[in-house]
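This is run_24.tsv. It holds TSV, C-alpha atoms and all ligand atoms.
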```
chain	number	residue	atom	x	y	z
A	1333	GLY	CA	-28.23	-7.74	20.75
A	1334	ASP	CA	-27.07	-4.80	22.91
A	1335	GLU	CA	-28.65	-2.14	20.70
A	1336	PRO	CA	-31.77	-0.75	22.39
A	1337	VAL	CA	-35.07	-1.48	20.63
A	1338	VAL	CA	-37.63	1.28	21.17
A	1339	LEU	CA	-41.26	1.44	20.07
A	1340	GLY	CA	-42.34	5.05	19.49
A	1341	ILE	CA	-45.90	6.36	19.41
A	1342	GLU	CA	-46.89	9.63	17.72
A	1343	THR	CA	-50.41	11.12	18.00
A	1344	SER	CA	-49.88	14.88	18.17
A	1345	CYS	CA	-52.00	15.72	15.13
A	1346	ASP	CA	-53.76	13.58	12.51
A	1347	GLU	CA	-51.31	10.71	11.99
A	1348	THR	CA	-51.30	7.69	14.28
A	1349	GLY	CA	-47.66	6.68	13.95
A	1350	VAL	CA	-45.97	3.66	15.50
A	1351	GLY	CA	-42.31	3.12	14.69
A	1352	ILE	CA	-39.69	0.71	15.93
A	1353	VAL	CA	-35.99	1.63	15.91
A	1354	ARG	CA	-33.11	-0.64	16.87
A	1355	GLY	CA	-29.97	1.42	17.52
A	1356	GLU	CA	-29.76	3.60	14.41
A	1357	THR	CA	-31.88	1.28	12.27
A	1358	MET	CA	-35.55	1.84	11.55
A	1359	VAL	CA	-37.20	-1.57	11.49
A	1360	ALA	CA	-40.85	-0.46	11.27
A	1361	ASN	CA	-42.79	2.73	10.63
A	1362	ALA	CA	-46.54	2.08	10.51
A	1363	VAL	CA	-48.79	5.10	9.99
A	1364	ALA	CA	-52.58	5.36	9.94
A	1365	SER	CA	-53.79	8.79	8.86
A	1366	SER	CA	-57.16	10.43	9.38
A	1367	VAL	CA	-56.30	13.13	6.82
A	1368	GLU	CA	-59.11	12.02	4.48
A	1369	GLU	CA	-61.66	12.56	7.24
A	1370	HIS	CA	-60.37	16.11	7.83
A	1371	ALA	CA	-60.10	17.04	4.16
A	1372	ARG	CA	-63.80	17.88	3.84
A	1373	TYR	CA	-63.49	20.37	6.71
A	1374	GLY	CA	-60.40	21.99	5.15
A	1375	GLY	CA	-58.33	21.45	8.29
A	1376	VAL	CA	-57.69	19.08	11.17
A	1377	VAL	CA	-60.72	18.70	13.49
A	1378	PRO	CA	-59.34	17.81	16.97
A	1379	GLU	CA	-62.29	15.67	18.05
A	1380	VAL	CA	-62.19	13.66	14.82
A	1381	ALA	CA	-58.42	13.20	15.23
A	1382	SER	CA	-58.71	11.89	18.82
A	1383	ARG	CA	-61.35	9.35	17.89
A	1384	ALA	CA	-59.33	8.18	14.88
A	1385	HIS	CA	-56.22	7.71	17.08
A	1386	LEU	CA	-58.22	5.61	19.51
A	1387	GLU	CA	-59.47	3.36	16.71
A	1388	ALA	CA	-56.10	3.09	14.97
A	1389	MET	CA	-53.82	2.65	17.99
A	1390	VAL	CA	-53.85	-1.11	18.60
A	1391	PRO	CA	-53.96	-2.08	14.90
A	1392	THR	CA	-51.03	0.26	14.16
A	1393	VAL	CA	-48.93	-1.18	17.01
A	1394	THR	CA	-49.74	-4.69	15.72
A	1395	GLN	CA	-48.77	-3.64	12.21
A	1396	ALA	CA	-45.43	-2.18	13.35
A	1397	LEU	CA	-44.49	-5.35	15.26
A	1398	HIS	CA	-45.49	-7.43	12.23
A	1399	ASP	CA	-43.42	-5.26	9.86
A	1400	ALA	CA	-40.40	-5.54	12.17
A	1401	GLY	CA	-40.84	-9.29	12.55
A	1402	MET	CA	-40.84	-8.70	16.30
A	1403	SER	CA	-43.00	-9.46	19.31
A	1404	PHE	CA	-43.61	-7.36	22.43
A	1405	SER	CA	-40.83	-9.21	24.25
A	1406	ASP	CA	-38.26	-7.62	21.87
A	1407	ILE	CA	-39.17	-4.08	22.99
A	1408	ASP	CA	-36.76	-2.48	25.52
A	1409	ALA	CA	-38.58	0.84	25.98
A	1410	ILE	CA	-41.63	2.84	24.86
A	1411	SER	CA	-41.40	6.46	23.79
A	1412	VAL	CA	-44.33	8.73	23.10
A	1413	THR	CA	-44.95	12.30	21.96
A	1414	ALA	CA	-45.75	14.28	25.11
A	1415	GLY	CA	-46.25	17.58	23.25
A	1416	PRO	CA	-46.67	20.01	21.68
A	1417	GLY	CA	-49.83	19.12	19.78
A	1418	LEU	CA	-53.61	18.68	20.07
A	1419	ALA	CA	-54.39	17.93	23.73
A	1420	GLY	CA	-56.97	15.19	23.16
A	1421	ALA	CA	-54.89	13.53	20.46
A	1422	LEU	CA	-51.78	13.53	22.67
A	1423	LEU	CA	-53.74	11.97	25.53
A	1424	VAL	CA	-54.69	8.97	23.42
A	1425	GLY	CA	-51.03	8.32	22.58
A	1426	SER	CA	-49.72	8.81	26.11
A	1427	ALA	CA	-52.45	6.64	27.65
A	1428	ALA	CA	-51.59	3.84	25.23
A	1429	ALA	CA	-47.84	4.26	25.82
A	1430	LYS	CA	-48.28	4.06	29.60
A	1431	ALA	CA	-50.38	0.92	29.27
A	1432	TYR	CA	-47.79	-0.78	27.04
A	1433	ALA	CA	-44.89	0.27	29.29
A	1434	LEU	CA	-46.67	-0.98	32.40
A	1435	ALA	CA	-47.77	-4.25	30.80
A	1436	LEU	CA	-44.31	-4.97	29.36
A	1437	GLY	CA	-42.39	-3.74	32.40
A	1438	VAL	CA	-40.19	-1.43	30.30
A	1439	PRO	CA	-39.29	2.26	30.77
A	1440	LEU	CA	-41.45	5.02	29.30
A	1441	TYR	CA	-40.07	8.21	27.74
A	1442	GLY	CA	-42.26	11.21	27.00
A	1443	VAL	CA	-40.55	13.18	24.21
A	1444	ASN	CA	-40.84	16.54	22.52
A	1445	HIS	CA	-42.40	16.47	19.04
A	1446	LEU	CA	-40.01	19.05	17.58
A	1447	ALA	CA	-36.95	17.23	18.88
A	1448	SER	CA	-38.33	14.03	17.29
A	1449	HIS	CA	-38.51	15.75	13.89
A	1450	VAL	CA	-34.77	16.39	14.28
A	1451	ALA	CA	-33.91	12.95	15.73
A	1452	VAL	CA	-35.49	11.02	12.85
A	1453	ASP	CA	-32.51	11.90	10.70
A	1454	ILE	CA	-30.35	9.58	12.82
A	1455	VAL	CA	-32.00	6.58	11.13
A	1456	GLU	CA	-31.10	8.13	7.75
A	1457	HIS	CA	-27.61	9.54	8.25
A	1458	GLY	CA	-26.34	8.18	11.56
A	1459	ALA	CA	-25.33	10.00	14.74
A	1460	LEU	CA	-26.40	13.62	14.90
A	1461	PRO	CA	-23.55	16.15	15.03
A	1462	GLU	CA	-23.95	18.39	18.10
A	1463	PRO	CA	-24.29	21.28	18.14
A	1464	THR	CA	-26.41	21.45	15.03
A	1465	LEU	CA	-28.90	24.06	13.93
A	1466	ALA	CA	-32.31	22.77	12.92
A	1467	LEU	CA	-34.91	24.45	10.75
A	1468	LEU	CA	-38.18	22.96	11.92
A	1469	VAL	CA	-41.03	23.69	9.54
A	1470	SER	CA	-44.41	22.01	9.94
A	1471	GLY	CA	-48.11	22.70	10.10
A	1472	GLY	CA	-47.79	24.04	13.63
A	1473	HIS	CA	-44.22	25.35	13.88
A	1474	SER	CA	-41.55	27.30	12.05
A	1475	SER	CA	-38.47	27.59	14.20
A	1476	ILE	CA	-34.72	27.78	14.04
A	1477	LEU	CA	-33.36	25.66	16.89
A	1478	GLN	CA	-29.86	25.22	18.22
A	1479	VAL	CA	-29.55	21.59	19.27
A	1480	ASN	CA	-26.74	21.19	21.79
A	1481	ASP	CA	-28.06	17.86	23.12
A	1482	ILE	CA	-31.07	16.30	21.39
A	1483	THR	CA	-32.38	14.83	24.67
A	1484	ALA	CA	-31.86	17.78	26.96
A	1485	ASP	CA	-30.66	21.08	25.51
A	1486	ILE	CA	-32.44	22.72	22.59
A	1487	ALA	CA	-32.60	26.50	22.35
A	1488	ALA	CA	-34.93	28.40	20.02
A	1489	LEU	CA	-33.09	31.12	18.08
A	1490	GLY	CA	-36.26	32.21	16.30
A	1491	ALA	CA	-39.85	31.24	15.56
A	1492	THR	CA	-42.86	32.40	13.63
A	1493	ILE	CA	-44.71	35.34	15.13
A	1494	ASP	CA	-47.96	34.36	13.37
A	1495	ASP	CA	-48.66	31.50	10.93
A	1496	ALA	CA	-46.41	28.45	10.62
A	1497	ALA	CA	-44.95	27.77	7.18
A	1498	GLY	CA	-47.12	24.68	6.65
A	1499	GLU	CA	-50.18	26.61	7.77
A	1500	ALA	CA	-49.42	29.25	5.12
A	1501	PHE	CA	-49.11	26.50	2.48
A	1502	ASP	CA	-52.44	25.04	3.61
A	1503	LYS	CA	-54.25	28.40	3.62
A	1504	VAL	CA	-52.92	29.52	0.24
A	1505	ALA	CA	-53.79	26.12	-1.25
A	1506	ARG	CA	-57.32	26.52	0.04
A	1507	LEU	CA	-57.75	29.95	-1.52
A	1508	LEU	CA	-56.43	28.57	-4.82
A	1509	GLY	CA	-58.91	25.68	-4.56
A	1510	LEU	CA	-56.16	23.05	-4.33
A	1511	GLY	CA	-57.42	20.88	-1.45
A	1512	PHE	CA	-56.01	19.81	1.94
A	1513	PRO	CA	-53.28	19.36	3.02
A	1514	GLY	CA	-52.08	22.11	0.76
A	1515	GLY	CA	-48.30	21.79	0.94
A	1516	PRO	CA	-47.96	18.76	-1.33
A	1517	GLN	CA	-50.49	20.28	-3.80
A	1518	ILE	CA	-48.63	23.59	-4.03
A	1519	ASP	CA	-45.33	21.73	-4.37
A	1520	ARG	CA	-46.73	19.67	-7.24
A	1521	ILE	CA	-48.43	22.45	-9.21
A	1522	SER	CA	-45.50	24.85	-8.74
A	1523	HIS	CA	-43.43	22.73	-11.12
A	1524	GLU	CA	-45.73	24.03	-13.89
A	1525	GLY	CA	-45.49	27.68	-12.78
A	1526	ASP	CA	-42.98	30.55	-12.87
A	1527	PRO	CA	-41.55	31.33	-9.40
A	1528	ALA	CA	-40.61	34.83	-10.60
A	1529	ALA	CA	-44.06	35.63	-12.06
A	1530	ILE	CA	-45.27	37.61	-9.04
A	1531	LYS	CA	-43.06	39.35	-6.49
A	1532	PHE	CA	-44.72	38.52	-3.15
A	1533	PRO	CA	-43.43	40.11	0.10
A	1534	ARG	CA	-40.67	38.49	2.17
A	1535	GLY	CA	-41.86	38.91	5.78
A	1536	LEU	CA	-39.55	40.23	8.53
A	1537	THR	CA	-36.56	40.70	6.25
A	1538	GLY	CA	-36.21	44.45	6.80
A	1539	PRO	CA	-33.02	45.77	8.42
A	1540	ARG	CA	-34.73	46.41	11.76
A	1541	ASP	CA	-36.73	43.17	11.89
A	1542	ALA	CA	-36.00	40.37	14.36
A	1543	VAL	CA	-33.35	38.41	12.48
A	1544	PHE	CA	-34.40	34.83	13.12
A	1545	ASP	CA	-38.16	35.20	13.53
A	1546	PHE	CA	-40.59	34.46	10.72
A	1547	SER	CA	-43.92	35.95	9.64
A	1548	PHE	CA	-46.11	34.38	6.96
A	1549	SER	CA	-49.53	35.91	7.53
A	1550	GLY	CA	-48.69	39.06	5.51
A	1551	LEU	CA	-47.62	36.88	2.61
A	1552	LYS	CA	-50.85	34.89	2.80
A	1553	THR	CA	-52.87	38.15	2.78
A	1554	ALA	CA	-50.85	39.46	-0.17
A	1555	VAL	CA	-51.64	36.30	-2.15
A	1556	ALA	CA	-55.34	36.59	-1.26
A	1557	ARG	CA	-55.45	40.24	-2.36
A	1558	TRP	CA	-53.64	39.47	-5.61
A	1559	VAL	CA	-56.09	36.67	-6.44
A	1560	GLU	CA	-59.12	38.81	-5.53
A	1561	ALA	CA	-57.94	41.66	-7.75
A	1562	ARG	CA	-57.67	39.24	-10.66
A	1563	GLN	CA	-61.13	37.86	-10.03
A	1564	ARG	CA	-62.64	41.34	-9.70
A	1565	ALA	CA	-61.13	42.27	-13.05
A	1566	GLY	CA	-62.78	39.18	-14.52
A	1567	GLU	CA	-59.40	37.72	-15.44
A	1568	PRO	CA	-58.36	34.08	-14.97
A	1569	VAL	CA	-56.10	33.27	-12.01
A	1570	PRO	CA	-52.81	31.71	-13.14
A	1571	VAL	CA	-52.85	29.16	-10.33
A	1572	ALA	CA	-49.47	27.54	-11.08
A	1573	ASP	CA	-47.71	30.93	-11.23
A	1574	VAL	CA	-49.32	32.12	-7.99
A	1575	ALA	CA	-48.42	28.85	-6.25
A	1576	ALA	CA	-44.83	28.90	-7.51
A	1577	SER	CA	-44.34	32.58	-6.59
A	1578	PHE	CA	-45.80	32.04	-3.12
A	1579	GLN	CA	-43.64	28.97	-2.55
A	1580	GLU	CA	-40.56	30.87	-3.72
A	1581	ALA	CA	-41.22	33.64	-1.17
A	1582	VAL	CA	-41.55	31.13	1.70
A	1583	VAL	CA	-38.51	29.10	0.71
A	1584	ASP	CA	-36.37	32.19	0.09
A	1585	VAL	CA	-37.05	33.55	3.58
A	1586	LEU	CA	-36.65	30.18	5.34
A	1587	THR	CA	-33.31	29.41	3.74
A	1588	ALA	CA	-31.84	32.93	3.91
A	1589	LYS	CA	-32.58	33.33	7.61
A	1590	THR	CA	-31.37	29.86	8.48
A	1591	ILE	CA	-28.05	30.26	6.68
A	1592	LYS	CA	-27.64	33.60	8.44
A	1593	ALA	CA	-28.26	31.85	11.77
A	1594	CYS	CA	-25.56	29.31	10.92
A	1595	LYS	CA	-23.10	32.09	10.17
A	1596	GLU	CA	-23.89	34.12	13.28
A	1597	SER	CA	-23.87	31.15	15.65
A	1598	GLY	CA	-20.78	29.63	14.07
A	1599	VAL	CA	-22.55	26.25	13.80
A	1600	ASP	CA	-21.91	24.77	10.37
A	1601	ASN	CA	-24.23	21.76	10.63
A	1602	LEU	CA	-27.82	22.21	9.58
A	1603	GLN	CA	-30.72	19.81	9.75
A	1604	ILE	CA	-34.11	20.51	8.15
A	1605	GLY	CA	-37.18	18.68	9.41
A	1606	GLY	CA	-40.96	18.78	9.76
A	1607	GLY	CA	-43.64	18.31	7.11
A	1608	VAL	CA	-42.61	21.32	5.00
A	1609	ALA	CA	-39.10	19.83	4.71
A	1610	ALA	CA	-40.70	17.46	2.20
A	1611	ASN	CA	-40.99	20.45	-0.16
A	1612	THR	CA	-38.90	19.91	-3.28
A	1613	ARG	CA	-38.11	23.61	-3.82
A	1614	LEU	CA	-37.04	24.05	-0.18
A	1615	ARG	CA	-34.75	21.03	-0.42
A	1616	ALA	CA	-33.12	22.28	-3.61
A	1617	MET	CA	-32.61	25.88	-2.46
A	1618	ALA	CA	-31.37	24.82	0.98
A	1619	GLN	CA	-28.81	22.49	-0.60
A	1620	ARG	CA	-27.53	25.17	-2.95
A	1621	ARG	CA	-27.30	27.87	-0.27
A	1622	CYS	CA	-25.65	25.49	2.22
A	1623	ASP	CA	-23.08	24.48	-0.39
A	1624	ASP	CA	-22.33	28.16	-1.04
A	1625	ALA	CA	-22.00	28.89	2.69
A	1626	GLY	CA	-19.92	25.81	3.58
A	1627	VAL	CA	-22.69	24.42	5.79
A	1628	THR	CA	-23.20	20.64	5.97
A	1629	LEU	CA	-26.89	19.95	5.37
A	1630	ARG	CA	-28.81	16.89	6.51
A	1631	MET	CA	-32.41	16.23	5.50
A	1632	PRO	CA	-34.33	13.02	6.03
A	1633	ARG	CA	-36.12	11.63	2.97
A	1634	ALA	CA	-39.47	13.36	2.36
A	1635	GLY	CA	-41.46	10.42	3.74
A	1636	LEU	CA	-39.83	10.80	7.16
A	1637	CYS	CA	-40.36	14.59	7.31
A	1638	THR	CA	-44.10	14.37	7.99
A	1639	ASP	CA	-45.33	13.03	11.33
A	1640	ASN	CA	-44.52	9.38	12.01
A	1641	GLY	CA	-43.68	6.97	14.82
A	1642	ALA	CA	-40.07	6.24	13.82
A	1643	MET	CA	-39.07	9.80	14.75
A	1644	VAL	CA	-40.39	9.26	18.27
A	1645	ALA	CA	-38.65	5.87	18.50
A	1646	ALA	CA	-35.37	7.38	17.21
A	1647	LEU	CA	-35.43	9.98	19.99
A	1648	GLY	CA	-36.35	7.25	22.49
A	1649	VAL	CA	-33.23	5.32	21.52
A	1650	GLU	CA	-31.10	8.42	22.21
A	1651	MET	CA	-32.76	8.73	25.64
A	1652	VAL	CA	-31.89	5.13	26.47
A	1653	LYS	CA	-28.31	5.41	25.13
A	1654	ARG	CA	-27.61	8.61	27.04
A	1655	GLY	CA	-29.08	7.31	30.28
A	1656	VAL	CA	-31.86	9.87	30.53
A	1657	GLU	CA	-34.19	9.32	33.49
A	1658	PRO	CA	-37.45	7.69	32.22
A	1659	SER	CA	-40.80	9.44	32.67
A	1660	SER	CA	-43.08	8.26	35.45
A	1661	LEU	CA	-46.45	6.71	34.71
A	1662	ASP	CA	-48.16	9.95	35.66
A	1663	LEU	CA	-46.59	11.56	32.58
A	1664	SER	CA	-49.14	14.04	31.31
A	1665	ALA	CA	-49.63	15.28	27.78
A	1666	ASN	CA	-48.56	18.89	27.37
A	1667	SER	CA	-50.15	20.54	24.36
A	1668	ALA	CA	-48.11	23.75	24.70
A	1669	MET	CA	-44.69	22.21	25.41
B	1701	LIG	O1	-44.85	17.77	10.48
B	1701	LIG	P1	-46.22	17.61	9.91
B	1701	LIG	O2	-46.59	16.30	9.26
B	1701	LIG	O3	-47.31	17.86	11.02
B	1701	LIG	C1	-47.13	18.87	12.00
B	1701	LIG	O4	-46.42	18.59	13.00
B	1701	LIG	O5	-47.66	19.96	11.74
B	1701	LIG	O6	-46.43	18.81	8.89
B	1701	LIG	C2	-47.62	18.97	8.15
B	1701	LIG	C3	-47.50	20.20	7.26
B	1701	LIG	C4	-48.78	20.57	6.55
B	1701	LIG	O7	-49.01	21.97	6.70
B	1701	LIG	C5	-48.47	20.24	5.09
B	1701	LIG	O8	-49.17	21.04	4.15
B	1701	LIG	C6	-46.98	20.47	5.03
B	1701	LIG	O9	-46.48	19.98	6.25
B	1701	LIG	N1	-46.33	19.77	3.91
B	1701	LIG	C7	-45.72	20.41	2.89
B	1701	LIG	C8	-45.30	19.40	1.98
B	1701	LIG	N2	-45.66	18.18	2.51
B	1701	LIG	C9	-46.28	18.44	3.69
B	1701	LIG	N3	-45.51	21.72	2.66
B	1701	LIG	C10	-44.88	22.05	1.52
B	1701	LIG	N4	-44.46	21.16	0.60
B	1701	LIG	C11	-44.63	19.83	0.79
B	1701	LIG	N5	-44.21	18.95	-0.14
B	1702	ZN	ZN	-44.83	17.40	13.13
```

Could you take the file, read its structure, and then write that structure out as structure tokens?
Amino acid sequence: GDEPVVLGIETSCDETGVGIVRGETMVANAVASSVEEHARYGGVVPEVASRAHLEAMVPTVTQALHDAGMSFSDIDAISVTAGPGLAGALLVGSAAAKAYALALGVPLYGVNHLASHVAVDIVEHGALPEPTLALLVSGGHSSILQVNDITADIAALGATIDDAAGEAFDKVARLLGLGFPGGPQIDRISHEGDPAAIKFPRGLTGPRDAVFDFSFSGLKTAVARWVEARQRAGEPVPVADVAASFQEAVVDVLTAKTIKACKESGVDNLQIGGGVAANTRLRAMAQRRCDDAGVTLRMPRAGLCTDNGAMVAALGVEMVKRGVEPSSLDLSANSAM
């Protein structure tokens, strides 16, 4: 066919993801995760992640081709996460991608991880409207982006000045004894709690605060202090209420600021992506507030919000379609991209 087929490789953190996208159709999305190995440390250990990527790389590529019912000769291009992310982890992915591109004689595209989180929605809902605003919320980032061209022109309107949203979820889950990664645990237990039980602070929402920046470390500290006071008083900690109230504070700030950004920029398309976009409360509140504001909201299904290879492949397809110059084989991983 004339639709480009791209194999995308993602290794920026703890998931080894290999996806294959043909045009706007996801035909494979194989993921091997080392999350279990990190769980006992309470966070991602870079050295453990790099080693796991190395072990999982070839089997995950094989799995993706098998799932797609394809062979290497069907692949028109390779795309790979060039950054941002863990340096050693990124290097494993880019080394593999270069080797495949060279061996197959196909172009190589190094892509931005954040842009990939936005691009994945193309396999869900078709061509991305441009410009669109994107709320990117993950373990490493919390940003409001204006996407004018997904391959070439993305401007940050705001970002976190301290912890990322996912990081806050993970830290609060840890102090509540809920395990790692914390986001899904807090999401789950919050359904049994009262989101209005405790009024936690909404960071950077004062009249003089930077409008589109986020801050979550004060919230995390407030939760820690609240829990400690309970424990000191010898009283039980209502874990579900604390989780639900914390989650409500995060989701309230994320959605309010993002809708405000839509209004001020005059862009009425919004896309939400990144691991925290899997959060059920965020999805519900964002939908309601977008409906009220006349903003068209697009969110990939929860399973495509966390790191995966299809998102990298989806962005690779856009690169091919728009005639972007491929990367050279001396493409280097850039952890701080
Ligand atoms: O995008 P992602 O898979 O990796 C990064 O690029 O960081 O995001 C991982 C983050 C973790 O902090 C995890 O706790 C969070 O996304 N997360 C969630 C949920 N699922 C994953 N946070 C809140 N609610 C969820 N359901
Ligand atoms: Zn991510």

Please provide as a PDB file with C-alpha atoms, in the frame of the given file all residues within 12 Å of Ala1428 of chain A, with the sequence filter that same-chain residues fewer than 4 positions apart are discarded (counting all atoms listed in the file).
```
ATOM      1  CA  LEU A1339     -41.260   1.440  20.070  1.00  0.00           C
ATOM      2  CA  GLY A1340     -42.340   5.050  19.490  1.00  0.00           C
ATOM      3  CA  ILE A1341     -45.900   6.360  19.410  1.00  0.00           C
ATOM      4  CA  GLU A1342     -46.890   9.630  17.720  1.00  0.00           C
ATOM      5  CA  THR A1343     -50.410  11.120  18.000  1.00  0.00           C
ATOM      6  CA  THR A1348     -51.300   7.690  14.280  1.00  0.00           C
ATOM      7  CA  VAL A1350     -45.970   3.660  15.500  1.00  0.00           C
ATOM      8  CA  HIS A1385     -56.220   7.710  17.080  1.00  0.00           C
ATOM      9  CA  LEU A1386     -58.220   5.610  19.510  1.00  0.00           C
ATOM     10  CA  GLU A1387     -59.470   3.360  16.710  1.00  0.00           C
ATOM     11  CA  ALA A1388     -56.100   3.090  14.970  1.00  0.00           C
ATOM     12  CA  MET A1389     -53.820   2.650  17.990  1.00  0.00           C
ATOM     13  CA  VAL A1390     -53.850  -1.110  18.600  1.00  0.00           C
ATOM     14  CA  THR A1392     -51.030   0.260  14.160  1.00  0.00           C
ATOM     15  CA  VAL A1393     -48.930  -1.180  17.010  1.00  0.00           C
ATOM     16  CA  ILE A1410     -41.630   2.840  24.860  1.00  0.00           C
ATOM     17  CA  SER A1411     -41.400   6.460  23.790  1.00  0.00           C
ATOM     18  CA  VAL A1412     -44.330   8.730  23.100  1.00  0.00           C
ATOM     19  CA  THR A1413     -44.950  12.300  21.960  1.00  0.00           C
ATOM     20  CA  ALA A1414     -45.750  14.280  25.110  1.00  0.00           C
ATOM     21  CA  ALA A1421     -54.890  13.530  20.460  1.00  0.00           C
ATOM     22  CA  LEU A1422     -51.780  13.530  22.670  1.00  0.00           C
ATOM     23  CA  LEU A1423     -53.740  11.970  25.530  1.00  0.00           C
ATOM     24  CA  VAL A1424     -54.690   8.970  23.420  1.00  0.00           C
ATOM     25  CA  TYR A1432     -47.790  -0.780  27.040  1.00  0.00           C
ATOM     26  CA  ALA A1433     -44.890   0.270  29.290  1.00  0.00           C
ATOM     27  CA  LEU A1434     -46.670  -0.980  32.400  1.00  0.00           C
ATOM     28  CA  ALA A1435     -47.770  -4.250  30.800  1.00  0.00           C
ATOM     29  CA  LEU A1440     -41.450   5.020  29.300  1.00  0.00           C
ATOM     30  CA  LEU A1661     -46.450   6.710  34.710  1.00  0.00           C
ATOM     31  CA  LEU A1663     -46.590  11.560  32.580  1.00  0.00           C
ATOM     32  CA  ALA A1665     -49.630  15.280  27.780  1.00  0.00           C
TER      33      ALA A1665
END
```

From A:Asp1494, A:Asp1408, A:Glu1462, A:Glu1499, residue lying nearest Val1649 of chain A [all atoms listed in the file]: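 Among the listed residues, A:Asp1408 lies closest to Val1649 of chain A.
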
Which residues of chain A come within 7 Å of ligand ZN 1702 (chain B), and for each one, what is the closest pair of atoms and their distance in Å to one decimal, counting all atoms listed in the file, sorted by chain and residue number, as CSV?
```
residue,atom,partner,partner_atom,distance
A:His1445,CA,B:ZN1702,ZN,6.5
A:Leu1446,CA,B:ZN1702,ZN,6.8
A:His1449,CA,B:ZN1702,ZN,6.6
A:Ser1470,CA,B:ZN1702,ZN,5.6
A:Gly1471,CA,B:ZN1702,ZN,6.9
A:Gly1606,CA,B:ZN1702,ZN,5.3
A:Gly1607,CA,B:ZN1702,ZN,6.2
A:Thr1638,CA,B:ZN1702,ZN,6.0
A:Asp1639,CA,B:ZN1702,ZN,4.8
```

Could you please extract the residues within 10 Å of ligand LIG 1701 (chain B), counting only C-alpha atoms and all ligand atoms, and hand them back as a PyMOL selection string? chain A and resi 1343-1347+1375+1416-1417+1445-1446+1449+1468-1474+1496-1503+1505+1511-1520+1579+1582-1583+1605-1615+1634-1640

Residues of segment 1449-1488 of chain A that have any atom at most 7 Å from an atom of segment 1589-1595 of chain A: could you tabulate them with the shortest-distance atom pair and the distance in Å to one decimal, using all atoms listed in the file, ordered by chain and increasing number, as a tab-separated table?
```
residue	atom	partner	partner_atom	distance
A:Leu1465	CA	A:Cys1594	CA	6.9
A:Leu1467	CA	A:Thr1590	CA	6.9
A:Ile1476	CA	A:Thr1590	CA	6.8
```

What is the atom CA of Gly1355 of chain A-atom CA of Gly1655 of chain A distance in Å, reported with one decimal? 14.1 Å

Find the residues near Ala1625 of chain A: any atom within 12 Å, counting all atoms listed in the file, skip ones fewer than 3 places away on the same chain, and give them as a ChimeraX atom specification. /A:1587-1588,1590-1596,1598-1602,1618-1622,1628-1629

Filtering to C-alpha atoms, could you give me those residues as a PDB file, in the frame of the given file?
```
ATOM      1  CA  THR A1587     -33.310  29.410   3.740  1.00  0.00           C
ATOM      2  CA  ALA A1588     -31.840  32.930   3.910  1.00  0.00           C
ATOM      3  CA  THR A1590     -31.370  29.860   8.480  1.00  0.00           C
ATOM      4  CA  ILE A1591     -28.050  30.260   6.680  1.00  0.00           C
ATOM      5  CA  LYS A1592     -27.640  33.600   8.440  1.00  0.00           C
ATOM      6  CA  ALA A1593     -28.260  31.850  11.770  1.00  0.00           C
ATOM      7  CA  CYS A1594     -25.560  29.310  10.920  1.00  0.00           C
ATOM      8  CA  LYS A1595     -23.100  32.090  10.170  1.00  0.00           C
ATOM      9  CA  GLU A1596     -23.890  34.120  13.280  1.00  0.00           C
ATOM     10  CA  GLY A1598     -20.780  29.630  14.070  1.00  0.00           C
ATOM     11  CA  VAL A1599     -22.550  26.250  13.800  1.00  0.00           C
ATOM     12  CA  ASP A1600     -21.910  24.770  10.370  1.00  0.00           C
ATOM     13  CA  ASN A1601     -24.230  21.760  10.630  1.00  0.00           C
ATOM     14  CA  LEU A1602     -27.820  22.210   9.580  1.00  0.00           C
ATOM     15  CA  ALA A1618     -31.370  24.820   0.980  1.00  0.00           C
ATOM     16  CA  GLN A1619     -28.810  22.490  -0.600  1.00  0.00           C
ATOM     17  CA  ARG A1620     -27.530  25.170  -2.950  1.00  0.00           C
ATOM     18  CA  ARG A1621     -27.300  27.870  -0.270  1.00  0.00           C
ATOM     19  CA  CYS A1622     -25.650  25.490   2.220  1.00  0.00           C
ATOM     20  CA  THR A1628     -23.200  20.640   5.970  1.00  0.00           C
ATOM     21  CA  LEU A1629     -26.890  19.950   5.370  1.00  0.00           C
TER      22      LEU A1629
END
```

Neighbouring residues of segment 1529-1538 of chain A were defined as those with any atom within 9 Å, considering all atoms listed in the file; residues of the same chain fewer than 6 positions away were excluded. Please report them as a ChimeraX atom specification. /A:1544-1551,1554-1555,1573-1574,1576-1578,1580-1582,1584-1585,1589

To one decimal in Å, tell me the separation between atom CA of Gly1425 of chain A and atom CA of Val1337 of chain A. 18.8 Å
